[in-house]
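Data file: coords30.pdb. Format and content: PDB, C-alpha atoms, pLDDT in the B column.
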```pdb
ATOM      1  CA  MET A   1     -36.207  30.125 -45.317  1.00 96.00           C
ATOM      2  CA  LYS A   2     -37.811  33.493 -46.113  1.00 98.00           C
ATOM      3  CA  LYS A   3     -38.831  36.163 -43.599  1.00 98.00           C
ATOM      4  CA  ILE A   4     -42.528  37.017 -43.715  1.00 98.00           C
ATOM      5  CA  ILE A   5     -43.415  40.699 -43.855  1.00 97.00           C
ATOM      6  CA  ASN A   6     -45.950  41.681 -41.191  1.00 97.00           C
ATOM      7  CA  PRO A   7     -49.037  42.796 -43.163  1.00 95.00           C
ATOM      8  CA  TRP A   8     -50.309  44.878 -40.215  1.00 95.00           C
ATOM      9  CA  SER A   9     -47.079  46.795 -39.676  1.00 92.00           C
ATOM     10  CA  GLY A  10     -47.791  50.516 -39.716  1.00 90.00           C
ATOM     11  CA  LEU A  11     -51.333  50.182 -38.367  1.00 91.00           C
ATOM     12  CA  GLU A  12     -50.417  51.019 -34.776  1.00 91.00           C
ATOM     13  CA  GLU A  13     -52.088  54.433 -35.070  1.00 90.00           C
ATOM     14  CA  ILE A  14     -55.464  52.733 -35.635  1.00 91.00           C
ATOM     15  CA  GLY A  15     -55.014  50.204 -32.817  1.00 92.00           C
ATOM     16  CA  TYR A  16     -52.790  47.328 -34.011  1.00 95.00           C
ATOM     17  CA  ASN A  17     -51.304  46.033 -30.754  1.00 96.00           C
ATOM     18  CA  CYS A  18     -51.450  42.234 -31.078  1.00 97.00           C
ATOM     19  CA  PHE A  19     -50.104  40.384 -28.018  1.00 97.00           C
ATOM     20  CA  GLY A  20     -48.438  37.839 -30.301  1.00 97.00           C
ATOM     21  CA  CYS A  21     -46.921  39.774 -33.179  1.00 97.00           C
ATOM     22  CA  ALA A  22     -47.039  43.554 -32.668  1.00 97.00           C
ATOM     23  CA  PRO A  23     -43.436  44.736 -32.436  1.00 95.00           C
ATOM     24  CA  SER A  24     -44.403  47.757 -30.325  1.00 93.00           C
ATOM     25  CA  ASN A  25     -46.546  46.001 -27.684  1.00 95.00           C
ATOM     26  CA  PRO A  26     -44.454  46.445 -24.484  1.00 94.00           C
ATOM     27  CA  VAL A  27     -45.815  43.262 -22.850  1.00 95.00           C
ATOM     28  CA  GLY A  28     -46.295  41.256 -26.051  1.00 96.00           C
ATOM     29  CA  LEU A  29     -44.420  38.287 -27.456  1.00 98.00           C
ATOM     30  CA  LYS A  30     -43.098  40.242 -30.476  1.00 97.00           C
ATOM     31  CA  MET A  31     -42.998  37.131 -32.644  1.00 98.00           C
ATOM     32  CA  GLU A  32     -41.531  37.208 -36.141  1.00 98.00           C
ATOM     33  CA  PHE A  33     -42.224  34.581 -38.780  1.00 98.00           C
ATOM     34  CA  TYR A  34     -40.509  32.739 -41.590  1.00 98.00           C
ATOM     35  CA  GLU A  35     -41.720  30.479 -44.351  1.00 98.00           C
ATOM     36  CA  ASP A  36     -39.876  27.166 -44.520  1.00 98.00           C
ATOM     37  CA  GLY A  37     -41.459  25.097 -47.284  1.00 97.00           C
ATOM     38  CA  ASP A  38     -44.911  24.006 -46.112  1.00 98.00           C
ATOM     39  CA  GLU A  39     -44.303  25.307 -42.590  1.00 98.00           C
ATOM     40  CA  ILE A  40     -44.347  28.675 -40.886  1.00 98.00           C
ATOM     41  CA  VAL A  41     -41.602  29.043 -38.279  1.00 98.00           C
ATOM     42  CA  SER A  42     -40.855  31.439 -35.442  1.00 98.00           C
ATOM     43  CA  PHE A  43     -37.816  31.588 -33.168  1.00 98.00           C
ATOM     44  CA  TRP A  44     -38.437  33.047 -29.737  1.00 98.00           C
ATOM     45  CA  THR A  45     -36.659  33.565 -26.424  1.00 98.00           C
ATOM     46  CA  PRO A  46     -38.814  32.517 -23.441  1.00 97.00           C
ATOM     47  CA  GLY A  47     -37.831  35.184 -20.940  1.00 96.00           C
ATOM     48  CA  ASP A  48     -38.333  34.710 -17.220  1.00 96.00           C
ATOM     49  CA  GLU A  49     -41.239  37.186 -17.298  1.00 95.00           C
ATOM     50  CA  TYR A  50     -43.266  34.457 -19.053  1.00 96.00           C
ATOM     51  CA  GLN A  51     -42.716  31.705 -16.515  1.00 96.00           C
ATOM     52  CA  GLY A  52     -45.347  29.776 -14.620  1.00 95.00           C
ATOM     53  CA  TRP A  53     -43.300  27.604 -12.277  1.00 93.00           C
ATOM     54  CA  LEU A  54     -39.670  28.455 -11.522  1.00 96.00           C
ATOM     55  CA  LYS A  55     -37.710  28.875 -14.748  1.00 96.00           C
ATOM     56  CA  THR A  56     -40.497  27.095 -16.684  1.00 97.00           C
ATOM     57  CA  LEU A  57     -42.587  28.627 -19.465  1.00 98.00           C
ATOM     58  CA  HIS A  58     -46.245  29.129 -18.505  1.00 98.00           C
ATOM     59  CA  GLY A  59     -48.660  26.790 -20.302  1.00 97.00           C
ATOM     60  CA  GLY A  60     -50.807  29.714 -21.402  1.00 98.00           C
ATOM     61  CA  ILE A  61     -47.807  31.148 -23.235  1.00 98.00           C
ATOM     62  CA  HIS A  62     -47.262  27.785 -24.991  1.00 98.00           C
ATOM     63  CA  SER A  63     -50.886  28.067 -26.141  1.00 98.00           C
ATOM     64  CA  ALA A  64     -50.541  31.706 -27.200  1.00 98.00           C
ATOM     65  CA  LEU A  65     -47.396  30.978 -29.242  1.00 98.00           C
ATOM     66  CA  MET A  66     -49.063  28.148 -31.138  1.00 98.00           C
ATOM     67  CA  ASP A  67     -52.319  30.070 -31.585  1.00 98.00           C
ATOM     68  CA  GLU A  68     -50.425  33.025 -33.028  1.00 98.00           C
ATOM     69  CA  ILE A  69     -48.338  31.024 -35.473  1.00 98.00           C
ATOM     70  CA  ALA A  70     -51.504  29.285 -36.695  1.00 98.00           C
ATOM     71  CA  LEU A  71     -52.919  32.649 -37.780  1.00 98.00           C
ATOM     72  CA  TRP A  72     -49.737  33.279 -39.726  1.00 98.00           C
ATOM     73  CA  VAL A  73     -50.257  29.970 -41.533  1.00 98.00           C
ATOM     74  CA  ILE A  74     -53.664  31.325 -42.592  1.00 98.00           C
ATOM     75  CA  ALA A  75     -52.211  34.707 -43.559  1.00 98.00           C
ATOM     76  CA  ARG A  76     -49.313  33.366 -45.603  1.00 98.00           C
ATOM     77  CA  LYS A  77     -50.622  30.109 -47.032  1.00 98.00           C
ATOM     78  CA  LEU A  78     -54.283  31.065 -47.595  1.00 98.00           C
ATOM     79  CA  GLN A  79     -53.807  34.837 -47.997  1.00 98.00           C
ATOM     80  CA  THR A  80     -56.615  35.810 -45.655  1.00 98.00           C
ATOM     81  CA  SER A  81     -57.277  36.335 -41.964  1.00 97.00           C
ATOM     82  CA  GLY A  82     -59.331  34.319 -39.540  1.00 97.00           C
ATOM     83  CA  MET A  83     -60.089  33.416 -35.964  1.00 97.00           C
ATOM     84  CA  THR A  84     -59.483  30.430 -33.716  1.00 98.00           C
ATOM     85  CA  THR A  85     -62.492  28.202 -33.154  1.00 98.00           C
ATOM     86  CA  ASN A  86     -60.692  25.342 -31.423  1.00 98.00           C
ATOM     87  CA  LEU A  87     -57.296  24.883 -29.787  1.00 98.00           C
ATOM     88  CA  ASN A  88     -56.273  21.546 -28.300  1.00 98.00           C
ATOM     89  CA  VAL A  89     -52.837  21.525 -26.645  1.00 98.00           C
ATOM     90  CA  LYS A  90     -50.769  18.608 -25.401  1.00 98.00           C
ATOM     91  CA  PHE A  91     -47.915  19.512 -23.089  1.00 98.00           C
ATOM     92  CA  ARG A  92     -45.061  16.994 -23.461  1.00 98.00           C
ATOM     93  CA  LYS A  93     -42.055  18.537 -21.695  1.00 97.00           C
ATOM     94  CA  PRO A  94     -41.370  21.747 -19.785  1.00 97.00           C
ATOM     95  CA  VAL A  95     -39.739  24.631 -21.641  1.00 97.00           C
ATOM     96  CA  PRO A  96     -36.978  26.300 -19.620  1.00 96.00           C
ATOM     97  CA  THR A  97     -37.013  30.101 -19.493  1.00 97.00           C
ATOM     98  CA  GLY A  98     -34.102  32.512 -19.492  1.00 96.00           C
ATOM     99  CA  PRO A  99     -32.348  35.035 -21.716  1.00 94.00           C
ATOM    100  CA  ASP A 100     -30.020  32.397 -23.189  1.00 94.00           C
ATOM    101  CA  ARG A 101     -32.849  30.030 -24.232  1.00 95.00           C
ATOM    102  CA  LYS A 102     -34.239  29.826 -27.758  1.00 96.00           C
ATOM    103  CA  ILE A 103     -37.235  27.840 -28.871  1.00 98.00           C
ATOM    104  CA  GLU A 104     -38.681  27.093 -32.266  1.00 98.00           C
ATOM    105  CA  ILE A 105     -42.400  27.200 -33.025  1.00 98.00           C
ATOM    106  CA  ARG A 106     -43.578  25.464 -36.216  1.00 98.00           C
ATOM    107  CA  ALA A 107     -47.003  25.117 -37.810  1.00 98.00           C
ATOM    108  CA  ARG A 108     -48.501  23.821 -41.032  1.00 98.00           C
ATOM    109  CA  LEU A 109     -51.843  23.594 -42.745  1.00 98.00           C
ATOM    110  CA  LYS A 110     -53.138  20.017 -42.576  1.00 98.00           C
ATOM    111  CA  GLU A 111     -56.442  20.436 -44.354  1.00 98.00           C
ATOM    112  CA  GLN A 112     -58.997  22.998 -45.470  1.00 97.00           C
ATOM    113  CA  LYS A 113     -62.741  22.382 -45.668  1.00 97.00           C
ATOM    114  CA  ARG A 114     -64.854  25.277 -46.885  1.00 95.00           C
ATOM    115  CA  ASN A 115     -64.068  28.196 -44.546  1.00 97.00           C
ATOM    116  CA  PHE A 116     -62.278  26.063 -41.942  1.00 98.00           C
ATOM    117  CA  ALA A 117     -58.541  25.397 -41.794  1.00 98.00           C
ATOM    118  CA  PHE A 118     -57.030  22.628 -39.700  1.00 98.00           C
ATOM    119  CA  ILE A 119     -53.530  23.375 -38.484  1.00 98.00           C
ATOM    120  CA  SER A 120     -50.950  21.490 -36.469  1.00 98.00           C
ATOM    121  CA  ALA A 121     -48.335  23.343 -34.422  1.00 98.00           C
ATOM    122  CA  ARG A 122     -45.489  22.417 -32.117  1.00 98.00           C
ATOM    123  CA  ILE A 123     -42.899  23.995 -29.862  1.00 98.00           C
ATOM    124  CA  LEU A 124     -39.374  22.616 -29.855  1.00 98.00           C
ATOM    125  CA  SER A 125     -36.602  23.265 -27.361  1.00 97.00           C
ATOM    126  CA  GLU A 126     -33.159  21.914 -28.185  1.00 94.00           C
ATOM    127  CA  GLY A 127     -34.726  19.813 -30.938  1.00 95.00           C
ATOM    128  CA  GLU A 128     -37.270  18.108 -28.677  1.00 97.00           C
ATOM    129  CA  VAL A 129     -41.035  18.559 -28.991  1.00 98.00           C
ATOM    130  CA  CYS A 130     -42.281  20.209 -25.790  1.00 98.00           C
ATOM    131  CA  SER A 131     -45.895  20.876 -26.749  1.00 98.00           C
ATOM    132  CA  GLU A 132     -48.186  20.237 -29.674  1.00 98.00           C
ATOM    133  CA  ALA A 133     -51.489  21.718 -30.743  1.00 98.00           C
ATOM    134  CA  GLU A 134     -54.251  20.953 -33.171  1.00 98.00           C
ATOM    135  CA  LEU A 135     -56.145  24.084 -34.158  1.00 98.00           C
ATOM    136  CA  THR A 136     -59.236  24.875 -36.161  1.00 98.00           C
ATOM    137  CA  TYR A 137     -59.509  28.333 -37.692  1.00 98.00           C
ATOM    138  CA  PHE A 138     -62.485  29.961 -39.328  1.00 98.00           C
ATOM    139  CA  CYS A 139     -61.108  31.739 -42.395  1.00 98.00           C
ATOM    140  CA  PHE A 140     -62.719  35.034 -43.322  1.00 97.00           C
ATOM    141  CA  PRO A 141     -63.674  35.675 -46.924  1.00 96.00           C
ATOM    142  CA  LYS A 142     -60.885  37.731 -48.491  1.00 95.00           C
ATOM    143  CA  GLU A 143     -63.162  40.759 -48.906  1.00 96.00           C
ATOM    144  CA  LYS A 144     -63.991  40.759 -45.178  1.00 95.00           C
ATOM    145  CA  ALA A 145     -60.335  40.224 -44.238  1.00 96.00           C
ATOM    146  CA  ALA A 146     -59.446  43.299 -46.289  1.00 95.00           C
ATOM    147  CA  SER A 147     -62.310  45.578 -45.245  1.00 94.00           C
ATOM    148  CA  GLU A 148     -62.632  44.715 -41.544  1.00 94.00           C
ATOM    149  CA  PHE A 149     -59.182  43.388 -40.617  1.00 93.00           C
ATOM    150  CA  TYR A 150     -56.963  45.517 -42.880  1.00 94.00           C
ATOM    151  CA  PHE A 151     -55.455  42.426 -44.479  1.00 95.00           C
ATOM    152  CA  LYS A 152     -53.888  43.331 -47.813  1.00 93.00           C
ATOM    153  CA  GLY A 153     -51.825  40.178 -48.387  1.00 95.00           C
ATOM    154  CA  CYS A 154     -48.906  38.458 -46.725  1.00 96.00           C
ATOM    155  CA  MET A 155     -45.597  38.457 -48.607  1.00 97.00           C
ATOM    156  CA  THR A 156     -42.007  37.456 -47.894  1.00 97.00           C
ATOM    157  CA  GLU A 157     -38.876  39.574 -48.174  1.00 95.00           C
TER     158      GLU A 157
END
```
Before we go any further, please render this structure as structure tokens.
Amino acid sequence: MKKIINPWSGLEEIGYNCFGCAPSNPVGLKMEFYEDGDEIVSFWTPGDEYQGWLKTLHGGIHSALMDEIALWVIARKLQTSGMTTNLNVKFRKPVPTGPDRKIEIRARLKEQKRNFAFISARILSEGEVCSEAELTYFCFPKEKAASEFYFKGCMTE
């Protein structure tokens, strides 16, 4: 498993403050990513500040985690940037929150048709699937990703 280098790191002075992956966003998720074969993986601690019901991760955070990792599939596997056009989530089991909890978020590219990428994602807690998502992303042409979204490539350490 190889750690993915954040291609937007260092762009905070021009406004990079992503809720999902910016390390300096004080209310963000601060996700980090790894490449594990065909999948992109993130390990995350669902703190109590992200709960919906008592000690239970809010469903919107489930969605945000899977939406974010899907972009990193696009960045690493397709070497461009993009935007979500569809997100369909199925909640299977609650995810407990707390400082001693760790979850795993995994996503992979299922198919690409023209400028659209179809991605599947899931959240696991203690090895059990808690939520799943099917996502469609519109992938920007590489020139647009570079000029408008400061995407210069996504490498691993």
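When the PyMOL selection byres ((chain A and resi 14-31) around 7) is evaluated on the file shown here, the picked residues come out as Leu11, Glu12, Glu13, Glu32, Phe33, Ser42, Trp44 and Glu68 of chain A.
Ranking A:Ile4, A:Gly60, A:Asn115, A:Gly127 by their shortest atom-to-atom distance to Leu78 (chain A), with all atoms listed in the file included, puts A:Asn115 first.
The two atoms in question, CA of Gln79 (chain A) and CA of Val129 (chain A), are spaced 28.1 Å apart.
Note that the spacing between CA of Thr85 (chain A) and CA of Phe138 (chain A) amounts to 6.4 Å.
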Handout entry: Best match for closeness to Leu54 (chain A) among A:Asn6, A:Thr136, A:Thr97, A:Ser131, counting all atoms listed in the file
Key = A:Thr97
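When the PyMOL selection byres ((chain A and resi 152) around 12) is evaluated on the file shown here, the picked residues come out as Ile5, Asn6, Pro7, Trp8, Ser9, Leu11, Ala75, Arg76, Gln79, Thr80, Ser81, Lys142, Glu143, Lys144, Ala145, Ala146, Ser147, Glu148, Phe149, Tyr150, Phe151, Gly153, Cys154 and Met155 of chain A.
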Exercise for the section: On this file, the PyMOL selection byres ((chain A and resi 41) around 12) gives some set of residues; write that set as a VMD selection string. Expected result: chain A and resid 1 to 4 31 to 40 42 to 44 65 to 66 68 to 73 76 103 to 108 121 to 124
Practice task
Compile the contact shell of Val89 (chain A) as a ChimeraX atom specification: residues with an atom at most 9 Å away, counting all atoms listed in the file, same-chain residues fewer than 5 positions apart removed.
Solution key: /A:62-63,66,131-135
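Taking CA of Thr84 (chain A) as the reference point, CA of His58 (chain A) is found at 20.2 Å.
With all atoms listed in the file as the atoms that count, the minimum distance from Arg92 (chain A) to the choices A:Ala117, A:Ser125, A:Cys130, A:Asp67 is reached by A:Cys130.
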Practice task
Could you tell me which of A:Arg114, A:Phe140, A:Glu126, A:Lys90 comes closest to Lys102 (chain A) if we count all atoms listed in the file?
Solution key: A:Glu126
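Distances to Gly47 (chain A) were evaluated for A:Gly59, A:Pro99, A:Gly82, A:Gly10 using all atoms listed in the file, and the minimum falls at A:Pro99.
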